[in-house]
Structure formats: structure tokens, C-alpha cells
$ cat work17.pdb   # PDB, C-alpha atoms
MODEL        1
ATOM      1  CA  MET A   1     163.271  93.069 124.870  1.00  0.00           C
ATOM      2  CA  ASN A   2     160.475  95.513 124.068  1.00  0.00           C
ATOM      3  CA  GLN A   3     157.758  94.151 121.833  1.00  0.00           C
ATOM      4  CA  MET A   4     157.386  95.777 118.424  1.00  0.00           C
ATOM      5  CA  LYS A   5     154.687  98.438 118.481  1.00  0.00           C
ATOM      6  CA  ALA A   6     151.496  97.174 116.804  1.00  0.00           C
ATOM      7  CA  HIS A   7     150.676 100.464 115.094  1.00  0.00           C
ATOM      8  CA  PHE A   8     151.958 103.997 115.047  1.00  0.00           C
ATOM      9  CA  THR A   9     149.423 106.414 116.499  1.00  0.00           C
ATOM     10  CA  LEU A  10     149.115 110.190 116.381  1.00  0.00           C
ATOM     11  CA  LYS A  11     150.914 110.379 119.735  1.00  0.00           C
ATOM     12  CA  ASP A  12     154.043 108.894 118.165  1.00  0.00           C
ATOM     13  CA  LEU A  13     154.537 112.009 116.050  1.00  0.00           C
ATOM     14  CA  PRO A  14     156.652 114.917 117.288  1.00  0.00           C
ATOM     15  CA  VAL A  15     154.451 117.394 119.137  1.00  0.00           C
ATOM     16  CA  GLY A  16     154.678 120.029 116.379  1.00  0.00           C
ATOM     17  CA  GLU A  17     153.539 117.507 113.784  1.00  0.00           C
ATOM     18  CA  ARG A  18     150.534 116.053 115.573  1.00  0.00           C
ATOM     19  CA  PRO A  19     147.345 116.867 113.645  1.00  0.00           C
ATOM     20  CA  TYR A  20     145.224 117.146 116.798  1.00  0.00           C
ATOM     21  CA  GLU A  21     147.559 119.719 118.343  1.00  0.00           C
ATOM     22  CA  ARG A  22     147.863 121.604 115.050  1.00  0.00           C
ATOM     23  CA  PHE A  23     144.095 121.638 114.751  1.00  0.00           C
ATOM     24  CA  GLU A  24     143.795 123.080 118.273  1.00  0.00           C
ATOM     25  CA  SER A  25     146.449 125.728 117.746  1.00  0.00           C
ATOM     26  CA  ALA A  26     145.940 126.758 114.120  1.00  0.00           C
ATOM     27  CA  GLY A  27     142.480 125.550 113.122  1.00  0.00           C
ATOM     28  CA  ALA A  28     141.253 123.062 110.548  1.00  0.00           C
ATOM     29  CA  SER A  29     142.136 125.263 107.568  1.00  0.00           C
ATOM     30  CA  ALA A  30     145.849 125.039 108.450  1.00  0.00           C
ATOM     31  CA  LEU A  31     145.891 121.255 108.062  1.00  0.00           C
ATOM     32  CA  SER A  32     146.642 119.449 104.832  1.00  0.00           C
ATOM     33  CA  ASP A  33     144.267 116.834 103.402  1.00  0.00           C
ATOM     34  CA  ALA A  34     146.605 114.145 104.716  1.00  0.00           C
ATOM     35  CA  GLU A  35     146.576 115.577 108.237  1.00  0.00           C
ATOM     36  CA  LEU A  36     142.792 115.846 108.269  1.00  0.00           C
ATOM     37  CA  LEU A  37     142.561 112.290 107.001  1.00  0.00           C
ATOM     38  CA  ALA A  38     145.037 111.123 109.666  1.00  0.00           C
ATOM     39  CA  ILE A  39     142.706 112.413 112.387  1.00  0.00           C
ATOM     40  CA  ILE A  40     139.988 110.169 110.982  1.00  0.00           C
ATOM     41  CA  LEU A  41     142.263 107.142 110.510  1.00  0.00           C
ATOM     42  CA  ARG A  42     143.816 107.583 114.014  1.00  0.00           C
ATOM     43  CA  THR A  43     146.379 104.780 113.573  1.00  0.00           C
ATOM     44  CA  GLY A  44     148.956 103.893 110.977  1.00  0.00           C
ATOM     45  CA  THR A  45     150.814 100.632 110.449  1.00  0.00           C
ATOM     46  CA  ARG A  46     153.845  99.078 112.124  1.00  0.00           C
ATOM     47  CA  LYS A  47     156.108 101.017 109.782  1.00  0.00           C
ATOM     48  CA  GLU A  48     154.365 104.360 109.343  1.00  0.00           C
ATOM     49  CA  THR A  49     152.315 106.920 111.191  1.00  0.00           C
ATOM     50  CA  SER A  50     148.699 107.705 110.398  1.00  0.00           C
ATOM     51  CA  VAL A  51     149.835 110.848 108.559  1.00  0.00           C
ATOM     52  CA  ASP A  52     152.166 108.781 106.367  1.00  0.00           C
ATOM     53  CA  LEU A  53     149.371 106.306 105.722  1.00  0.00           C
ATOM     54  CA  ALA A  54     147.002 109.136 104.814  1.00  0.00           C
ATOM     55  CA  LYS A  55     149.567 110.566 102.374  1.00  0.00           C
ATOM     56  CA  ARG A  56     149.950 107.157 100.767  1.00  0.00           C
ATOM     57  CA  VAL A  57     146.199 106.739 100.417  1.00  0.00           C
ATOM     58  CA  LEU A  58     145.953 110.096  98.680  1.00  0.00           C
ATOM     59  CA  SER A  59     148.995 109.591  96.441  1.00  0.00           C
ATOM     60  CA  GLU A  60     148.730 105.904  95.586  1.00  0.00           C
ATOM     61  CA  GLY A  61     145.007 105.397  95.714  1.00  0.00           C
ATOM     62  CA  CYS A  62     143.667 108.557  94.098  1.00  0.00           C
ATOM     63  CA  LEU A  63     144.745 110.125  90.833  1.00  0.00           C
ATOM     64  CA  GLU A  64     143.330 113.457  92.012  1.00  0.00           C
ATOM     65  CA  LYS A  65     145.458 113.255  95.182  1.00  0.00           C
ATOM     66  CA  SER A  66     142.707 114.854  97.258  1.00  0.00           C
ATOM     67  CA  ILE A  67     139.964 113.720  99.585  1.00  0.00           C
ATOM     68  CA  LEU A  68     137.411 114.142  96.777  1.00  0.00           C
ATOM     69  CA  GLY A  69     139.434 111.637  94.762  1.00  0.00           C
ATOM     70  CA  LEU A  70     138.391 108.920  97.214  1.00  0.00           C
ATOM     71  CA  HIS A  71     134.942 109.068  95.661  1.00  0.00           C
ATOM     72  CA  HIS A  72     136.243 107.131  92.658  1.00  0.00           C
ATOM     73  CA  LEU A  73     137.497 104.168  94.693  1.00  0.00           C
ATOM     74  CA  SER A  74     135.329 101.368  96.068  1.00  0.00           C
ATOM     75  CA  VAL A  75     135.660  99.943  99.567  1.00  0.00           C
ATOM     76  CA  GLU A  76     137.313  96.870  98.059  1.00  0.00           C
ATOM     77  CA  GLU A  77     139.834  98.971  96.125  1.00  0.00           C
ATOM     78  CA  LEU A  78     140.729 100.950  99.243  1.00  0.00           C
ATOM     79  CA  MET A  79     141.278  97.698 101.138  1.00  0.00           C
ATOM     80  CA  GLN A  80     144.019  96.795  98.639  1.00  0.00           C
ATOM     81  CA  ILE A  81     146.124  99.610 100.121  1.00  0.00           C
ATOM     82  CA  PRO A  82     148.317  98.196 102.918  1.00  0.00           C
ATOM     83  CA  GLY A  83     147.115  99.452 106.280  1.00  0.00           C
ATOM     84  CA  ILE A  84     143.527  99.986 105.158  1.00  0.00           C
ATOM     85  CA  GLY A  85     141.045  97.411 106.443  1.00  0.00           C
ATOM     86  CA  ARG A  86     137.287  97.383 105.965  1.00  0.00           C
ATOM     87  CA  VAL A  87     136.551  99.762 108.862  1.00  0.00           C
ATOM     88  CA  LYS A  88     139.027 102.372 107.631  1.00  0.00           C
ATOM     89  CA  ALA A  89     137.845 101.920 104.043  1.00  0.00           C
ATOM     90  CA  ILE A  90     134.267 102.625 105.107  1.00  0.00           C
ATOM     91  CA  GLN A  91     135.436 105.654 107.083  1.00  0.00           C
ATOM     92  CA  LEU A  92     137.266 106.975 104.027  1.00  0.00           C
ATOM     93  CA  LYS A  93     134.264 106.449 101.769  1.00  0.00           C
ATOM     94  CA  SER A  94     132.045 108.221 104.290  1.00  0.00           C
ATOM     95  CA  ILE A  95     134.383 111.221 104.351  1.00  0.00           C
ATOM     96  CA  ALA A  96     134.480 111.274 100.545  1.00  0.00           C
ATOM     97  CA  GLU A  97     130.695 111.229 100.349  1.00  0.00           C
ATOM     98  CA  LEU A  98     130.366 114.058 102.865  1.00  0.00           C
ATOM     99  CA  SER A  99     132.952 116.083 100.924  1.00  0.00           C
ATOM    100  CA  LYS A 100     131.078 115.495  97.675  1.00  0.00           C
ATOM    101  CA  ARG A 101     127.739 116.495  99.192  1.00  0.00           C
ATOM    102  CA  LEU A 102     129.138 119.663 100.742  1.00  0.00           C
ATOM    103  CA  SER A 103     130.861 120.615  97.513  1.00  0.00           C
ATOM    104  CA  LYS A 104     127.718 120.022  95.486  1.00  0.00           C
ATOM    105  CA  ARG A 105     125.496 121.867  97.946  1.00  0.00           C
ATOM    106  CA  ASN A 106     127.758 124.935  97.899  1.00  0.00           C
ATOM    107  CA  ALA A 107     127.998 124.884  94.112  1.00  0.00           C
ATOM    108  CA  ARG A 108     124.270 124.690  93.534  1.00  0.00           C
ATOM    109  CA  LYS A 109     123.395 127.793  95.558  1.00  0.00           C
ATOM    110  CA  ALA A 110     124.111 130.090  92.631  1.00  0.00           C
ATOM    111  CA  LEU A 111     123.946 127.541  89.846  1.00  0.00           C
ATOM    112  CA  ILE A 112     122.400 128.767  86.606  1.00  0.00           C
ATOM    113  CA  MET A 113     121.533 125.963  84.193  1.00  0.00           C
ATOM    114  CA  ASP A 114     122.018 128.159  81.137  1.00  0.00           C
ATOM    115  CA  SER A 115     123.753 125.652  78.876  1.00  0.00           C
ATOM    116  CA  PRO A 116     123.872 121.865  78.355  1.00  0.00           C
ATOM    117  CA  LYS A 117     127.577 121.879  79.221  1.00  0.00           C
ATOM    118  CA  THR A 118     126.900 123.501  82.596  1.00  0.00           C
ATOM    119  CA  VAL A 119     124.334 120.823  83.396  1.00  0.00           C
ATOM    120  CA  ALA A 120     126.503 117.956  82.146  1.00  0.00           C
ATOM    121  CA  ASP A 121     129.587 119.187  84.016  1.00  0.00           C
ATOM    122  CA  TYR A 122     127.603 119.442  87.241  1.00  0.00           C
ATOM    123  CA  TYR A 123     126.214 115.896  87.099  1.00  0.00           C
ATOM    124  CA  MET A 124     128.915 114.059  85.123  1.00  0.00           C
ATOM    125  CA  GLU A 125     131.033 112.600  87.912  1.00  0.00           C
ATOM    126  CA  GLU A 126     128.044 111.408  89.880  1.00  0.00           C
ATOM    127  CA  TYR A 127     126.238 109.769  86.975  1.00  0.00           C
ATOM    128  CA  ARG A 128     128.927 108.362  84.693  1.00  0.00           C
ATOM    129  CA  HIS A 129     129.942 105.703  87.240  1.00  0.00           C
ATOM    130  CA  LEU A 130     126.451 104.311  87.847  1.00  0.00           C
ATOM    131  CA  GLU A 131     125.807 100.742  86.731  1.00  0.00           C
ATOM    132  CA  ARG A 132     122.064 101.196  86.218  1.00  0.00           C
ATOM    133  CA  GLU A 133     120.099 103.910  84.483  1.00  0.00           C
ATOM    134  CA  HIS A 134     119.017 106.726  86.788  1.00  0.00           C
ATOM    135  CA  ALA A 135     116.464 109.254  85.552  1.00  0.00           C
ATOM    136  CA  LEU A 136     116.685 112.723  87.074  1.00  0.00           C
ATOM    137  CA  VAL A 137     114.289 115.656  86.849  1.00  0.00           C
ATOM    138  CA  ILE A 138     115.804 119.135  87.178  1.00  0.00           C
ATOM    139  CA  LEU A 139     113.391 121.928  88.112  1.00  0.00           C
ATOM    140  CA  LEU A 140     114.248 125.517  87.169  1.00  0.00           C
ATOM    141  CA  THR A 141     113.036 129.066  87.667  1.00  0.00           C
ATOM    142  CA  GLY A 142     112.164 131.382  84.802  1.00  0.00           C
ATOM    143  CA  SER A 143     115.805 132.534  84.752  1.00  0.00           C
ATOM    144  CA  ASN A 144     117.121 128.940  84.596  1.00  0.00           C
ATOM    145  CA  LYS A 145     118.248 128.923  88.219  1.00  0.00           C
ATOM    146  CA  LEU A 146     118.199 125.502  89.830  1.00  0.00           C
ATOM    147  CA  ILE A 147     115.305 125.015  92.250  1.00  0.00           C
ATOM    148  CA  THR A 148     115.826 121.355  93.024  1.00  0.00           C
ATOM    149  CA  ASP A 149     116.370 117.986  91.403  1.00  0.00           C
ATOM    150  CA  PHE A 150     115.092 114.546  92.235  1.00  0.00           C
ATOM    151  CA  THR A 151     115.574 110.982  91.066  1.00  0.00           C
ATOM    152  CA  LEU A 152     112.478 109.836  89.272  1.00  0.00           C
ATOM    153  CA  SER A 153     113.425 106.248  88.626  1.00  0.00           C
ATOM    154  CA  ILE A 154     116.236 103.730  88.789  1.00  0.00           C
ATOM    155  CA  GLY A 155     116.048 101.128  86.059  1.00  0.00           C
ATOM    156  CA  THR A 156     117.962  98.187  84.708  1.00  0.00           C
ATOM    157  CA  ALA A 157     121.145  98.605  82.698  1.00  0.00           C
ATOM    158  CA  ASN A 158     119.197  99.797  79.659  1.00  0.00           C
ATOM    159  CA  ARG A 159     115.750 100.976  80.769  1.00  0.00           C
ATOM    160  CA  THR A 160     114.102 103.411  83.153  1.00  0.00           C
ATOM    161  CA  LEU A 161     110.426 103.815  83.955  1.00  0.00           C
ATOM    162  CA  ILE A 162     109.235 107.405  83.968  1.00  0.00           C
ATOM    163  CA  SER A 163     106.039 108.713  85.563  1.00  0.00           C
ATOM    164  CA  THR A 164     104.736 111.841  83.820  1.00  0.00           C
ATOM    165  CA  ARG A 165     102.316 112.517  86.647  1.00  0.00           C
ATOM    166  CA  GLU A 166     105.084 112.526  89.254  1.00  0.00           C
ATOM    167  CA  VAL A 167     107.188 114.953  87.190  1.00  0.00           C
ATOM    168  CA  PHE A 168     104.468 117.585  87.025  1.00  0.00           C
ATOM    169  CA  ARG A 169     103.258 117.037  90.566  1.00  0.00           C
ATOM    170  CA  GLU A 170     106.723 118.009  91.806  1.00  0.00           C
ATOM    171  CA  ALA A 171     107.077 120.802  89.247  1.00  0.00           C
ATOM    172  CA  LEU A 172     103.822 122.396  90.430  1.00  0.00           C
ATOM    173  CA  LYS A 173     104.771 121.889  94.068  1.00  0.00           C
ATOM    174  CA  TYR A 174     108.007 123.878  93.618  1.00  0.00           C
ATOM    175  CA  GLY A 175     106.586 126.466  91.230  1.00  0.00           C
ATOM    176  CA  ALA A 176     108.962 125.486  88.421  1.00  0.00           C
ATOM    177  CA  VAL A 177     108.768 127.371  85.123  1.00  0.00           C
ATOM    178  CA  PHE A 178     111.091 125.059  83.177  1.00  0.00           C
ATOM    179  CA  PHE A 179     112.369 121.532  83.673  1.00  0.00           C
ATOM    180  CA  MET A 180     115.019 119.252  82.236  1.00  0.00           C
ATOM    181  CA  LEU A 181     115.400 115.512  82.071  1.00  0.00           C
ATOM    182  CA  LEU A 182     118.749 113.825  82.601  1.00  0.00           C
ATOM    183  CA  HIS A 183     119.693 110.200  82.645  1.00  0.00           C
ATOM    184  CA  ASN A 184     122.806 108.083  82.239  1.00  0.00           C
ATOM    185  CA  HIS A 185     123.709 105.285  79.859  1.00  0.00           C
ATOM    186  CA  PRO A 186     125.742 102.738  81.871  1.00  0.00           C
ATOM    187  CA  GLY A 187     127.437 101.451  78.723  1.00  0.00           C
ATOM    188  CA  GLY A 188     129.147 104.831  78.317  1.00  0.00           C
ATOM    189  CA  ASP A 189     127.630 105.767  74.937  1.00  0.00           C
ATOM    190  CA  PRO A 190     125.195 108.691  75.344  1.00  0.00           C
ATOM    191  CA  THR A 191     123.565 108.210  71.922  1.00  0.00           C
ATOM    192  CA  PRO A 192     119.792 108.461  72.460  1.00  0.00           C
ATOM    193  CA  SER A 193     117.677 105.379  71.898  1.00  0.00           C
ATOM    194  CA  GLU A 194     114.251 105.397  70.289  1.00  0.00           C
ATOM    195  CA  GLN A 195     112.818 104.992  73.777  1.00  0.00           C
ATOM    196  CA  ASP A 196     114.699 108.129  74.890  1.00  0.00           C
ATOM    197  CA  LEU A 197     113.235 110.083  71.975  1.00  0.00           C
ATOM    198  CA  GLN A 198     109.716 108.844  72.682  1.00  0.00           C
ATOM    199  CA  LEU A 199     110.036 109.825  76.334  1.00  0.00           C
ATOM    200  CA  THR A 200     111.270 113.276  75.363  1.00  0.00           C
ATOM    201  CA  ARG A 201     108.350 113.869  73.024  1.00  0.00           C
ATOM    202  CA  ARG A 202     105.875 112.654  75.641  1.00  0.00           C
ATOM    203  CA  MET A 203     107.286 114.972  78.313  1.00  0.00           C
ATOM    204  CA  GLN A 204     107.482 117.870  75.878  1.00  0.00           C
ATOM    205  CA  ASP A 205     103.817 117.486  74.924  1.00  0.00           C
ATOM    206  CA  ALA A 206     102.752 117.221  78.569  1.00  0.00           C
ATOM    207  CA  GLY A 207     104.815 120.314  79.417  1.00  0.00           C
ATOM    208  CA  LEU A 208     103.000 122.349  76.776  1.00  0.00           C
ATOM    209  CA  ILE A 209      99.668 121.405  78.335  1.00  0.00           C
ATOM    210  CA  MET A 210     100.880 122.152  81.881  1.00  0.00           C
ATOM    211  CA  ASP A 211     102.672 125.367  80.822  1.00  0.00           C
ATOM    212  CA  ILE A 212     105.940 124.042  82.303  1.00  0.00           C
ATOM    213  CA  GLU A 213     108.365 123.774  79.415  1.00  0.00           C
ATOM    214  CA  LEU A 214     110.818 120.926  78.920  1.00  0.00           C
ATOM    215  CA  ILE A 215     113.955 122.757  77.783  1.00  0.00           C
ATOM    216  CA  ASP A 216     116.383 119.855  77.378  1.00  0.00           C
ATOM    217  CA  HIS A 217     117.011 116.159  77.859  1.00  0.00           C
ATOM    218  CA  ILE A 218     120.651 115.361  78.576  1.00  0.00           C
ATOM    219  CA  ILE A 219     122.113 111.876  78.400  1.00  0.00           C
ATOM    220  CA  ILE A 220     125.302 111.215  80.342  1.00  0.00           C
ATOM    221  CA  GLY A 221     127.855 108.727  79.040  1.00  0.00           C
ATOM    222  CA  ASP A 222     131.439 108.093  80.132  1.00  0.00           C
ATOM    223  CA  ARG A 223     133.030 111.571  80.169  1.00  0.00           C
ATOM    224  CA  LYS A 224     130.715 112.691  77.368  1.00  0.00           C
ATOM    225  CA  TYR A 225     127.119 113.706  76.965  1.00  0.00           C
ATOM    226  CA  ILE A 226     124.435 114.437  74.407  1.00  0.00           C
ATOM    227  CA  SER A 227     121.929 117.267  74.629  1.00  0.00           C
ATOM    228  CA  LEU A 228     118.797 116.524  72.629  1.00  0.00           C
ATOM    229  CA  LYS A 229     118.237 120.276  72.324  1.00  0.00           C
ATOM    230  CA  GLU A 230     121.686 120.822  70.793  1.00  0.00           C
ATOM    231  CA  PHE A 231     121.034 117.966  68.341  1.00  0.00           C
ATOM    232  CA  GLY A 232     117.737 119.521  67.255  1.00  0.00           C
ATOM    233  CA  LEU A 233     115.735 116.648  68.704  1.00  0.00           C
ATOM    234  CA  LEU A 234     113.776 118.820  71.119  1.00  0.00           C
TER
ENDMDL
END
$ encode --input "work17.pdb" --output "C-alpha cells"
Amino acid sequence: MNQMKAHFTLKDLPVGERPYERFESAGASALSDAELLAIILRTGTRKETSVDLAKRVLSEGCLEKSILGLHHLSVEELMQIPGIGRVKAIQLKSIAELSKRLSKRNARKALIMDSPKTVADYYMEEYRHLEREHALVILLTGSNKLITDFTLSIGTANRTLISTREVFREALKYGAVFFMLLHNHPGGDPTPSEQDLQLTRRMQDAGLIMDIELIDHIIIGDRKYISLKEFGLL
């Protein structure tokens, strides 16, 4: 009696349905997310092919049903999906991170930070999931085009430490005309604290001296934000 096959592989699929062959004949753009993911996973389970497993990961594990949706799942959550062990979970998270970085890099090429909503939408998904406060500095041209951004500090759940000197050293290095501050509130409520207001005033005063204007301070909560400029606090 033949032993039961340990795992379905890509070779077990009919020739016309094998992602590798389809990639070779039609190119990457012709493949679905599930087929591209199957190439990374390589093997399925005893009952399903790698393509079937990939479809299940996308449909059961991600509300967005796309590779970018993997960004919202932890390694441990992915491992709860039958057929996904730690190695495959790490592979999936790596692909999700690469997808996110490519998407963000392409989006920022022509990004104009001309409204608080534009800024909040751009950073929301990255910052609303963080468990500690992250303070970001956003450097802009005179026409509000993004030059670069950088993390200034990573604090505890309710505090960040901000270096004024480092902000303006980088701003001068990149020739920024304007800058913004952005940080997250891990608790989900973006209401500014007294410490947030003090920091804003300190940076605003320093910007006037350096002739590099602070034009907003945005606080990211859970799917919501507050712009201190919109609230008349800047």
C-alpha cells in the first residue's frame, strides 16, 4: 500500500495550474495573490495544495483578503491557521513587510502633506498598532512635499523623550522649510496631554528661531487622529 503523501507540493497541481510554470509563461502580473503566496509557501498540507493553503490564509486569516492584510496578523496568529508553522509564518510576515515598504515608498514619491488628513491617512496603519509611543519628525519642502521622516524616540506606553537639537540638526541637513511632529497614543485616544502641548510649544518656539516652521503636530489614536493645528492649539 502506498504511504499517504506528507504534503502536497506545487508539482502535484495540473501543469496549467502550477504557479511556477504560469510565472514563466505569463509573468508575475498574471498570478493572483494566492498563487504568488503559494510560490513562497512551496508546500501545502496532506489535504490541500500550497495554492489552496495560500487562498485559505488570505480568506480566513486576513479581513482585507490580500497580501497587505497579513501585516495585521502576528506570527502567533498566523500559526493558528492549520498548515502554517513558525517558518511559514515568518515567511508570510516578511512578505507582508516587503509589500508594505514597497507600497509606502511608491506612495511617498509624489506625496504632498497639504492637510492633516493626508498625513494621518499615510501613517495611520503603521502607528495605530504600536504598543509604545513613537515620535516621528516629518520634514517638508516649501511646497509641503515630503523630504523624509525619521523616528526621533520610542518611549514607554505614555511618554516619549524628544531632542530639540536632533530635530533641527536633521532639518538643516535636509534643507527643510517646514516640519511636522507625529506620535501615537497606544491607548487609542488621540487627545493631547499637557506634555504634548508643552512639547508643541517648545518646538514651535525653536522653529521660529531656526526659521524652520512647525506647521502641525498630529497624534494618532486607533483609527482616529487629532491635529493640534486644526484644534487651534498651534
$ closest_residue --input "work17.pdb" --among "A:Leu182, A:Leu130, A:Leu73, A:Leu37" --to "Phe150 in chain A" --atoms "all atoms listed in the file"
A:Leu182
$ resolve_selection --input "work17.pdb" --expression "the PyMOL selection byres ((chain A and resi 170) around 12)" --output "PyMOL selection string"
chain A and resi 137-140+147-152+163-169+171-179+212
$ axis_aligned_box --input "work17.pdb" --around "range 71-82 of chain A" --padding-each-side "3 Å" --output "JSON"
{"center_x": 141.6, "center_y": 102.9, "center_z": 97.8, "size_x": 19.4, "size_y": 18.3, "size_z": 16.3}
$ residues_near_point --input "work17.pdb" --point "(143.7, 109.7, 101.1)" --cutoff "12 Å" --atoms "all atoms listed in the file" --output "number ranges by chain"
A: 32-41, 50-73, 78, 81, 83-84, 88-89, 91-93, 95-96
$ residues_around --input "work17.pdb" --residues "range 203-205 of chain A" --least-positions-apart "2" --cutoff "9 Å" --atoms "only C-alpha atoms" --output "MDAnalysis selection string"
chainID A and resid 164 167 181 198:201 207:210 213:215 234
$ atom_distance --input "work17.pdb" --atom1 "CA of Asp121 in chain A" --atom2 "CA of Ile90 in chain A"
27.2 Å
$ closest_residue --input "work17.pdb" --among "A:His185, A:Pro82, A:Arg202, A:Arg18" --to "Thr45 in chain A" --atoms "only C-alpha atoms"
A:Pro82
$ atom_distance --input "work17.pdb" --atom1 "CA of Phe231 in chain A" --atom2 "CA of Met124 in chain A"
18.9 Å
$ build_atoms --input "work17.pdb" --residues "range 117-142 of chain A" --atoms "N, CA and C atoms" --output "PDB file, keeping the file's coordinate frame"
ATOM      1  N   LYS A 117     126.268 122.192  78.651  1.00  0.00           N
ATOM      2  CA  LYS A 117     127.577 121.879  79.221  1.00  0.00           C
ATOM      3  C   LYS A 117     127.599 122.128  80.729  1.00  0.00           C
ATOM      4  N   THR A 118     126.974 123.210  81.164  1.00  0.00           N
ATOM      5  CA  THR A 118     126.900 123.501  82.596  1.00  0.00           C
ATOM      6  C   THR A 118     126.206 122.366  83.336  1.00  0.00           C
ATOM      7  N   VAL A 119     125.098 121.903  82.774  1.00  0.00           N
ATOM      8  CA  VAL A 119     124.334 120.823  83.396  1.00  0.00           C
ATOM      9  C   VAL A 119     125.151 119.532  83.396  1.00  0.00           C
ATOM     10  N   ALA A 120     125.730 119.198  82.252  1.00  0.00           N
ATOM     11  CA  ALA A 120     126.503 117.956  82.146  1.00  0.00           C
ATOM     12  C   ALA A 120     127.721 117.962  83.067  1.00  0.00           C
ATOM     13  N   ASP A 121     128.417 119.088  83.140  1.00  0.00           N
ATOM     14  CA  ASP A 121     129.587 119.187  84.016  1.00  0.00           C
ATOM     15  C   ASP A 121     129.190 118.981  85.476  1.00  0.00           C
ATOM     16  N   TYR A 122     128.046 119.515  85.843  1.00  0.00           N
ATOM     17  CA  TYR A 122     127.603 119.442  87.241  1.00  0.00           C
ATOM     18  C   TYR A 122     127.261 118.003  87.654  1.00  0.00           C
ATOM     19  N   TYR A 123     126.686 117.242  86.737  1.00  0.00           N
ATOM     20  CA  TYR A 123     126.214 115.896  87.099  1.00  0.00           C
ATOM     21  C   TYR A 123     127.130 114.769  86.606  1.00  0.00           C
ATOM     22  N   MET A 124     128.121 115.089  85.784  1.00  0.00           N
ATOM     23  CA  MET A 124     128.915 114.059  85.123  1.00  0.00           C
ATOM     24  C   MET A 124     129.545 113.053  86.073  1.00  0.00           C
ATOM     25  N   GLU A 125     130.288 113.522  87.061  1.00  0.00           N
ATOM     26  CA  GLU A 125     131.033 112.600  87.912  1.00  0.00           C
ATOM     27  C   GLU A 125     130.124 111.703  88.731  1.00  0.00           C
ATOM     28  N   GLU A 126     128.980 112.206  89.089  1.00  0.00           N
ATOM     29  CA  GLU A 126     128.044 111.408  89.880  1.00  0.00           C
ATOM     30  C   GLU A 126     127.364 110.335  89.037  1.00  0.00           C
ATOM     31  N   TYR A 127     127.069 110.664  87.777  1.00  0.00           N
ATOM     32  CA  TYR A 127     126.238 109.769  86.975  1.00  0.00           C
ATOM     33  C   TYR A 127     127.007 108.847  86.040  1.00  0.00           C
ATOM     34  N   ARG A 128     128.226 109.195  85.670  1.00  0.00           N
ATOM     35  CA  ARG A 128     128.927 108.362  84.693  1.00  0.00           C
ATOM     36  C   ARG A 128     129.414 107.041  85.281  1.00  0.00           C
ATOM     37  N   HIS A 129     129.466 106.933  86.612  1.00  0.00           N
ATOM     38  CA  HIS A 129     129.942 105.703  87.240  1.00  0.00           C
ATOM     39  C   HIS A 129     128.811 104.725  87.567  1.00  0.00           C
ATOM     40  N   LEU A 130     127.569 105.149  87.428  1.00  0.00           N
ATOM     41  CA  LEU A 130     126.451 104.311  87.847  1.00  0.00           C
ATOM     42  C   LEU A 130     126.280 103.115  86.915  1.00  0.00           C
ATOM     43  N   GLU A 131     125.930 101.982  87.497  1.00  0.00           N
ATOM     44  CA  GLU A 131     125.807 100.742  86.731  1.00  0.00           C
ATOM     45  C   GLU A 131     124.387 100.503  86.222  1.00  0.00           C
ATOM     46  N   ARG A 132     123.436 101.277  86.715  1.00  0.00           N
ATOM     47  CA  ARG A 132     122.064 101.196  86.218  1.00  0.00           C
ATOM     48  C   ARG A 132     121.608 102.582  85.783  1.00  0.00           C
ATOM     49  N   GLU A 133     120.616 102.626  84.927  1.00  0.00           N
ATOM     50  CA  GLU A 133     120.099 103.910  84.483  1.00  0.00           C
ATOM     51  C   GLU A 133     119.363 104.609  85.626  1.00  0.00           C
ATOM     52  N   HIS A 134     119.707 105.873  85.817  1.00  0.00           N
ATOM     53  CA  HIS A 134     119.017 106.726  86.788  1.00  0.00           C
ATOM     54  C   HIS A 134     118.417 107.902  86.019  1.00  0.00           C
ATOM     55  N   ALA A 135     117.141 108.130  86.205  1.00  0.00           N
ATOM     56  CA  ALA A 135     116.464 109.254  85.552  1.00  0.00           C
ATOM     57  C   ALA A 135     116.280 110.376  86.566  1.00  0.00           C
ATOM     58  N   LEU A 136     116.723 111.559  86.195  1.00  0.00           N
ATOM     59  CA  LEU A 136     116.685 112.723  87.074  1.00  0.00           C
ATOM     60  C   LEU A 136     115.818 113.800  86.441  1.00  0.00           C
ATOM     61  N   VAL A 137     115.046 114.487  87.280  1.00  0.00           N
ATOM     62  CA  VAL A 137     114.289 115.656  86.849  1.00  0.00           C
ATOM     63  C   VAL A 137     114.914 116.881  87.502  1.00  0.00           C
ATOM     64  N   ILE A 138     115.187 117.900  86.701  1.00  0.00           N
ATOM     65  CA  ILE A 138     115.804 119.135  87.178  1.00  0.00           C
ATOM     66  C   ILE A 138     114.787 120.257  87.023  1.00  0.00           C
ATOM     67  N   LEU A 139     114.394 120.866  88.132  1.00  0.00           N
ATOM     68  CA  LEU A 139     113.391 121.928  88.112  1.00  0.00           C
ATOM     69  C   LEU A 139     114.066 123.292  88.165  1.00  0.00           C
ATOM     70  N   LEU A 140     113.591 124.221  87.335  1.00  0.00           N
ATOM     71  CA  LEU A 140     114.248 125.517  87.169  1.00  0.00           C
ATOM     72  C   LEU A 140     113.264 126.675  87.289  1.00  0.00           C
ATOM     73  N   THR A 141     113.808 127.829  87.657  1.00  0.00           N
ATOM     74  CA  THR A 141     113.036 129.066  87.667  1.00  0.00           C
ATOM     75  C   THR A 141     112.947 129.615  86.246  1.00  0.00           C
ATOM     76  N   GLY A 142     112.263 130.748  86.105  1.00  0.00           N
ATOM     77  CA  GLY A 142     112.164 131.382  84.802  1.00  0.00           C
ATOM     78  C   GLY A 142     113.483 131.906  84.276  1.00  0.00           C
TER      79      GLY A 142
END
